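Colleague: The structure is given below, and queries will be raised subsequently.
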Amino acid sequence: MAESKRIEIGEVEVEKIIDALNRFHGIDFSGYSRASFTRRIQRIADKDANGTFDSLLNRVSENKEYFSRFLKEVTVNVTEMFRDPSFFASLRKNVLPELNKQQTLQIWHAACSTGEEVYSMAVLLHEASLLERSTILGTDLNPEVLLKAKQGVFSERDFPEYIQNYERSGGKAALSEYYDSSYGNSVFKPFFKDKMTFSEHNLVNDGSFNKFNLIMCRNVLIYFQKPLQARVLHLFKNSLVTGGFLCLGSKESLLFSDDRLAFEVVDAKEKIYRKI
Ligand SMILES: C[S@@+](CC[C@H](N)C(=O)[O-])C[C@H]1O[C@@H](n2cnc3c(N)ncnc32)[C@H](O)[C@@H]1O
């Protein structure tokens, strides 16, 4: 039996995939960092290609179900509750007391994936008696992850780690007070979900929804090239009220963008900035 040949993904193949994603699905990946994008396409090709690059390209272009799986693999969806507990501790200390001065709060989690970060923030808001006056928007490019975020159902298996993270973030209650567990799943109490809306939003070309008091966009800008990062940071600047906060991921920074002068640094290590 002939052994199937590995499909090598190089610059030409990546360009073809980017073109197909744009033409058939209206998603523009041309501003994503090429090295990691190429690696992920190579991984998908190794698993799925069925022999030829053209068959992969056709499936990505025309097969809806395959495209949905492809999208999930090509964008990294990894997340967890209270990810980087010291970041959430800094939010409690440096941001929530300032938010407490506002009558109503608009909060945007851009690129929220399956919602773990959104529920973590909602717990913080609840513990600071701010949840009642908050409206929380979670957005992502990928409708599948948003469906999961809307449900607010997480695997019980992950909770030992989440509970540790929560305690390290300065959580005083038992995290289990906030969800009900059954059949291996943990479902957050409805009063959290009541404050949340989830909706599709593409950071590459969509505009803003509103003026926000806090925007969190963590662990997605690292996948973008500098010009796209700058575009997104500009969108965030324009979407914040004066005095509003912007939170980025631990490997991301505002300091390379032209918009940095519109912000002061609240916590350099935790990448928390405030619009001045
Ligand atoms: C690694 S997850 C980050 C989740 C969460 N913010 C965290 O830090 O745990 C990155 C998310 O960015 C989303 N994403 C990638 N490109 C995007 C884009 N252009 N617009 C909106 N979301 C995007 C992916 O679908 C994925 O869910």
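Just so we're on the same page: first chain in the structure tokens is A, next is B, and so on; residues restart at 1 for each chain, and ligands are numbered from 1 in the order they show up.
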Name the residues of stretch 101-186 of chain A that come out as helix (DSSP H, G or I) in a backbone DSSP run; write them as a PDB file with N, CA and C atoms, in the first residue's frame.
Modeller:
ATOM      1  N   GLU A 116     -14.965  31.493  30.201  1.00  0.00           N
ATOM      2  CA  GLU A 116     -14.440  31.335  31.560  1.00  0.00           C
ATOM      3  C   GLU A 116     -14.006  32.669  32.168  1.00  0.00           C
ATOM      4  N   GLU A 117     -13.385  33.524  31.331  1.00  0.00           N
ATOM      5  CA  GLU A 117     -12.937  34.838  31.821  1.00  0.00           C
ATOM      6  C   GLU A 117     -14.135  35.724  32.198  1.00  0.00           C
ATOM      7  N   VAL A 118     -15.217  35.595  31.427  1.00  0.00           N
ATOM      8  CA  VAL A 118     -16.394  36.437  31.660  1.00  0.00           C
ATOM      9  C   VAL A 118     -17.043  36.073  33.001  1.00  0.00           C
ATOM     10  N   TYR A 119     -17.150  34.766  33.264  1.00  0.00           N
ATOM     11  CA  TYR A 119     -17.739  34.328  34.540  1.00  0.00           C
ATOM     12  C   TYR A 119     -16.812  34.689  35.707  1.00  0.00           C
ATOM     13  N   SER A 120     -15.504  34.622  35.485  1.00  0.00           N
ATOM     14  CA  SER A 120     -14.562  35.001  36.547  1.00  0.00           C
ATOM     15  C   SER A 120     -14.769  36.467  36.928  1.00  0.00           C
ATOM     16  N   MET A 121     -14.882  37.296  35.898  1.00  0.00           N
ATOM     17  CA  MET A 121     -15.076  38.738  36.141  1.00  0.00           C
ATOM     18  C   MET A 121     -16.408  38.977  36.850  1.00  0.00           C
ATOM     19  N   ALA A 122     -17.431  38.236  36.432  1.00  0.00           N
ATOM     20  CA  ALA A 122     -18.754  38.409  37.053  1.00  0.00           C
ATOM     21  C   ALA A 122     -18.694  38.056  38.543  1.00  0.00           C
ATOM     22  N   VAL A 123     -17.893  37.059  38.885  1.00  0.00           N
ATOM     23  CA  VAL A 123     -17.737  36.707  40.307  1.00  0.00           C
ATOM     24  C   VAL A 123     -17.085  37.876  41.051  1.00  0.00           C
ATOM     25  N   LEU A 124     -16.057  38.455  40.468  1.00  0.00           N
ATOM     26  CA  LEU A 124     -15.390  39.603  41.100  1.00  0.00           C
ATOM     27  C   LEU A 124     -16.372  40.760  41.297  1.00  0.00           C
ATOM     28  N   LEU A 125     -17.171  41.019  40.249  1.00  0.00           N
ATOM     29  CA  LEU A 125     -18.132  42.133  40.331  1.00  0.00           C
ATOM     30  C   LEU A 125     -19.157  41.864  41.422  1.00  0.00           C
ATOM     31  N   HIS A 126     -19.600  40.614  41.489  1.00  0.00           N
ATOM     32  CA  HIS A 126     -20.576  40.239  42.523  1.00  0.00           C
ATOM     33  C   HIS A 126     -19.988  40.470  43.909  1.00  0.00           C
ATOM     34  N   GLU A 127     -18.749  40.048  44.098  1.00  0.00           N
ATOM     35  CA  GLU A 127     -18.134  40.154  45.430  1.00  0.00           C
ATOM     36  C   GLU A 127     -17.852  41.610  45.814  1.00  0.00           C
ATOM     37  N   LEU A 131     -22.129  43.839  40.524  1.00  0.00           N
ATOM     38  CA  LEU A 131     -22.749  43.062  39.438  1.00  0.00           C
ATOM     39  C   LEU A 131     -24.117  43.621  39.054  1.00  0.00           C
ATOM     40  N   GLU A 132     -24.889  44.010  40.064  1.00  0.00           N
ATOM     41  CA  GLU A 132     -26.245  44.526  39.837  1.00  0.00           C
ATOM     42  C   GLU A 132     -26.266  45.659  38.829  1.00  0.00           C
ATOM     43  N   ARG A 133     -25.258  46.524  38.901  1.00  0.00           N
ATOM     44  CA  ARG A 133     -25.272  47.699  38.009  1.00  0.00           C
ATOM     45  C   ARG A 133     -24.412  47.495  36.746  1.00  0.00           C
ATOM     46  N   PRO A 143     -18.628  31.480  16.484  1.00  0.00           N
ATOM     47  CA  PRO A 143     -19.954  31.291  17.084  1.00  0.00           C
ATOM     48  C   PRO A 143     -20.037  30.050  17.970  1.00  0.00           C
ATOM     49  N   GLU A 144     -19.211  29.044  17.678  1.00  0.00           N
ATOM     50  CA  GLU A 144     -19.287  27.804  18.478  1.00  0.00           C
ATOM     51  C   GLU A 144     -18.863  28.027  19.926  1.00  0.00           C
ATOM     52  N   VAL A 145     -17.778  28.779  20.118  1.00  0.00           N
ATOM     53  CA  VAL A 145     -17.326  29.010  21.497  1.00  0.00           C
ATOM     54  C   VAL A 145     -18.330  29.888  22.242  1.00  0.00           C
ATOM     55  N   LEU A 146     -18.994  30.793  21.495  1.00  0.00           N
ATOM     56  CA  LEU A 146     -19.970  31.683  22.138  1.00  0.00           C
ATOM     57  C   LEU A 146     -21.175  30.907  22.659  1.00  0.00           C
ATOM     58  N   LEU A 147     -21.543  29.857  21.929  1.00  0.00           N
ATOM     59  CA  LEU A 147     -22.657  29.015  22.348  1.00  0.00           C
ATOM     60  C   LEU A 147     -22.353  28.414  23.717  1.00  0.00           C
ATOM     61  N   LYS A 148     -21.133  27.972  23.873  1.00  0.00           N
ATOM     62  CA  LYS A 148     -20.717  27.366  25.130  1.00  0.00           C
ATOM     63  C   LYS A 148     -20.690  28.432  26.244  1.00  0.00           C
ATOM     64  N   ALA A 149     -20.209  29.614  25.886  1.00  0.00           N
ATOM     65  CA  ALA A 149     -20.153  30.697  26.878  1.00  0.00           C
ATOM     66  C   ALA A 149     -21.561  31.040  27.373  1.00  0.00           C
ATOM     67  N   LYS A 150     -22.523  31.089  26.443  1.00  0.00           N
ATOM     68  CA  LYS A 150     -23.910  31.413  26.792  1.00  0.00           C
ATOM     69  C   LYS A 150     -24.473  30.407  27.777  1.00  0.00           C
ATOM     70  N   GLN A 151     -24.116  29.146  27.578  1.00  0.00           N
ATOM     71  CA  GLN A 151     -24.672  28.094  28.443  1.00  0.00           C
ATOM     72  C   GLN A 151     -24.104  28.187  29.856  1.00  0.00           C
ATOM     73  N   GLU A 156     -16.733  19.839  35.562  1.00  0.00           N
ATOM     74  CA  GLU A 156     -16.359  19.800  36.981  1.00  0.00           C
ATOM     75  C   GLU A 156     -14.885  19.434  37.163  1.00  0.00           C
ATOM     76  N   ARG A 157     -14.363  18.675  36.203  1.00  0.00           N
ATOM     77  CA  ARG A 157     -12.963  18.238  36.262  1.00  0.00           C
ATOM     78  C   ARG A 157     -11.992  19.403  36.402  1.00  0.00           C
ATOM     79  N   ASP A 158     -12.347  20.548  35.807  1.00  0.00           N
ATOM     80  CA  ASP A 158     -11.424  21.683  35.799  1.00  0.00           C
ATOM     81  C   ASP A 158     -11.485  22.506  37.088  1.00  0.00           C
ATOM     82  N   PHE A 159     -12.484  22.233  37.925  1.00  0.00           N
ATOM     83  CA  PHE A 159     -12.719  23.133  39.046  1.00  0.00           C
ATOM     84  C   PHE A 159     -11.666  23.105  40.163  1.00  0.00           C
ATOM     85  N   PRO A 160     -11.000  21.967  40.419  1.00  0.00           N
ATOM     86  CA  PRO A 160      -9.937  22.055  41.429  1.00  0.00           C
ATOM     87  C   PRO A 160      -8.919  23.153  41.078  1.00  0.00           C
ATOM     88  N   GLU A 161      -8.538  23.238  39.807  1.00  0.00           N
ATOM     89  CA  GLU A 161      -7.590  24.278  39.389  1.00  0.00           C
ATOM     90  C   GLU A 161      -8.236  25.674  39.465  1.00  0.00           C
ATOM     91  N   TYR A 162      -9.505  25.769  39.051  1.00  0.00           N
ATOM     92  CA  TYR A 162     -10.178  27.071  39.075  1.00  0.00           C
ATOM     93  C   TYR A 162     -10.328  27.579  40.512  1.00  0.00           C
ATOM     94  N   ILE A 163     -10.588  26.636  41.423  1.00  0.00           N
ATOM     95  CA  ILE A 163     -10.763  27.036  42.820  1.00  0.00           C
ATOM     96  C   ILE A 163      -9.439  27.569  43.374  1.00  0.00           C
ATOM     97  N   GLN A 164      -8.348  26.897  43.006  1.00  0.00           N
ATOM     98  CA  GLN A 164      -7.021  27.390  43.420  1.00  0.00           C
ATOM     99  C   GLN A 164      -6.754  28.783  42.861  1.00  0.00           C
ATOM    100  N   ASN A 165      -7.041  28.951  41.572  1.00  0.00           N
ATOM    101  CA  ASN A 165      -6.849  30.263  40.936  1.00  0.00           C
ATOM    102  C   ASN A 165      -7.680  31.327  41.653  1.00  0.00           C
ATOM    103  N   TYR A 166      -8.932  30.962  41.930  1.00  0.00           N
ATOM    104  CA  TYR A 166      -9.862  31.912  42.572  1.00  0.00           C
ATOM    105  C   TYR A 166      -9.322  32.336  43.935  1.00  0.00           C
ATOM    106  N   GLU A 167      -8.844  31.363  44.699  1.00  0.00           N
ATOM    107  CA  GLU A 167      -8.307  31.694  46.029  1.00  0.00           C
ATOM    108  C   GLU A 167      -7.081  32.589  45.896  1.00  0.00           C
ATOM    109  N   ARG A 168      -6.223  32.277  44.924  1.00  0.00           N
ATOM    110  CA  ARG A 168      -5.019  33.116  44.710  1.00  0.00           C
ATOM    111  C   ARG A 168      -5.380  34.527  44.247  1.00  0.00           C
ATOM    112  N   LEU A 175     -15.887  29.115  45.989  1.00  0.00           N
ATOM    113  CA  LEU A 175     -16.332  29.300  44.597  1.00  0.00           C
ATOM    114  C   LEU A 175     -17.599  28.489  44.324  1.00  0.00           C
ATOM    115  N   SER A 176     -17.714  27.326  44.988  1.00  0.00           N
ATOM    116  CA  SER A 176     -18.855  26.431  44.757  1.00  0.00           C
ATOM    117  C   SER A 176     -20.196  27.071  45.145  1.00  0.00           C
ATOM    118  N   GLU A 177     -20.145  28.192  45.863  1.00  0.00           N
ATOM    119  CA  GLU A 177     -21.401  28.902  46.164  1.00  0.00           C
ATOM    120  C   GLU A 177     -22.046  29.462  44.903  1.00  0.00           C
ATOM    121  N   TYR A 178     -21.243  29.596  43.850  1.00  0.00           N
ATOM    122  CA  TYR A 178     -21.719  30.308  42.670  1.00  0.00           C
ATOM    123  C   TYR A 178     -22.215  29.407  41.547  1.00  0.00           C
TER     124      TYR A 178
END
Colleague: Using only C-alpha atoms, which protein or nucleic acid residues come within 7 Å of stretch 7-11 of chain A? Drop anything in the same chain fewer than 6 positions from it, and give the result as a ChimeraX atom specification.
Modeller: /A:38,42,45-46,52-53
Colleague: Using only C-alpha atoms, find each residue of stretch 15-55 of chain A with at least one atom at most 12 Å away from an atom of stretch 204-215 of chain A; report its shortest atom-to-atom pair and that distance in Å (one decimal), sort the rows by chain and rising residue number, and return the result as a tab-separated table.
Modeller:
residue	atom	partner	partner_atom	distance
A:Asn22	CA	A:Val204	CA	11.7
A:Gly26	CA	A:Asn205	CA	10.1
A:Ile27	CA	A:Val204	CA	8.3
A:Asp28	CA	A:Val204	CA	7.1
A:Phe29	CA	A:Val204	CA	8.2
A:Ser30	CA	A:Val204	CA	9.5
A:Gly31	CA	A:Val204	CA	8.0
A:Tyr32	CA	A:Val204	CA	9.5
Colleague: Counting only C-alpha atoms and all ligand atoms, which protein, DNA or RNA residues come within 10 Å of ligand 1, given as an MDAnalysis selection string?
Modeller: chainID A and resid 27:29 31:32 71:84 109:118 138:146 200:206 216:224 228 232 248:250
Colleague: What is the atom CA of A:Lys251 to atom CA of A:Lys93 distance in Å?
Modeller: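 These two atoms are separated by 21.2 Å.
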Colleague: Rounded to one decimal, what separation in Å do you get between atom CA of A:Ala174 and atom CA of A:Leu96?
Modeller: 20.1 Å
Colleague: Please extract the residues of stretch 149-239 of chain A with a backbone DSSP assignment of strand (DSSP E) and present them as a ChimeraX atom specification.
Modeller: /A:153-155,179-182,185-188,196-200,212-217
Colleague: Between A:Asp54, A:Asp258, A:Phe236, A:Ser253, which one has atoms that come closest to A:Lys275, using only C-alpha atoms?
Modeller: A:Phe236
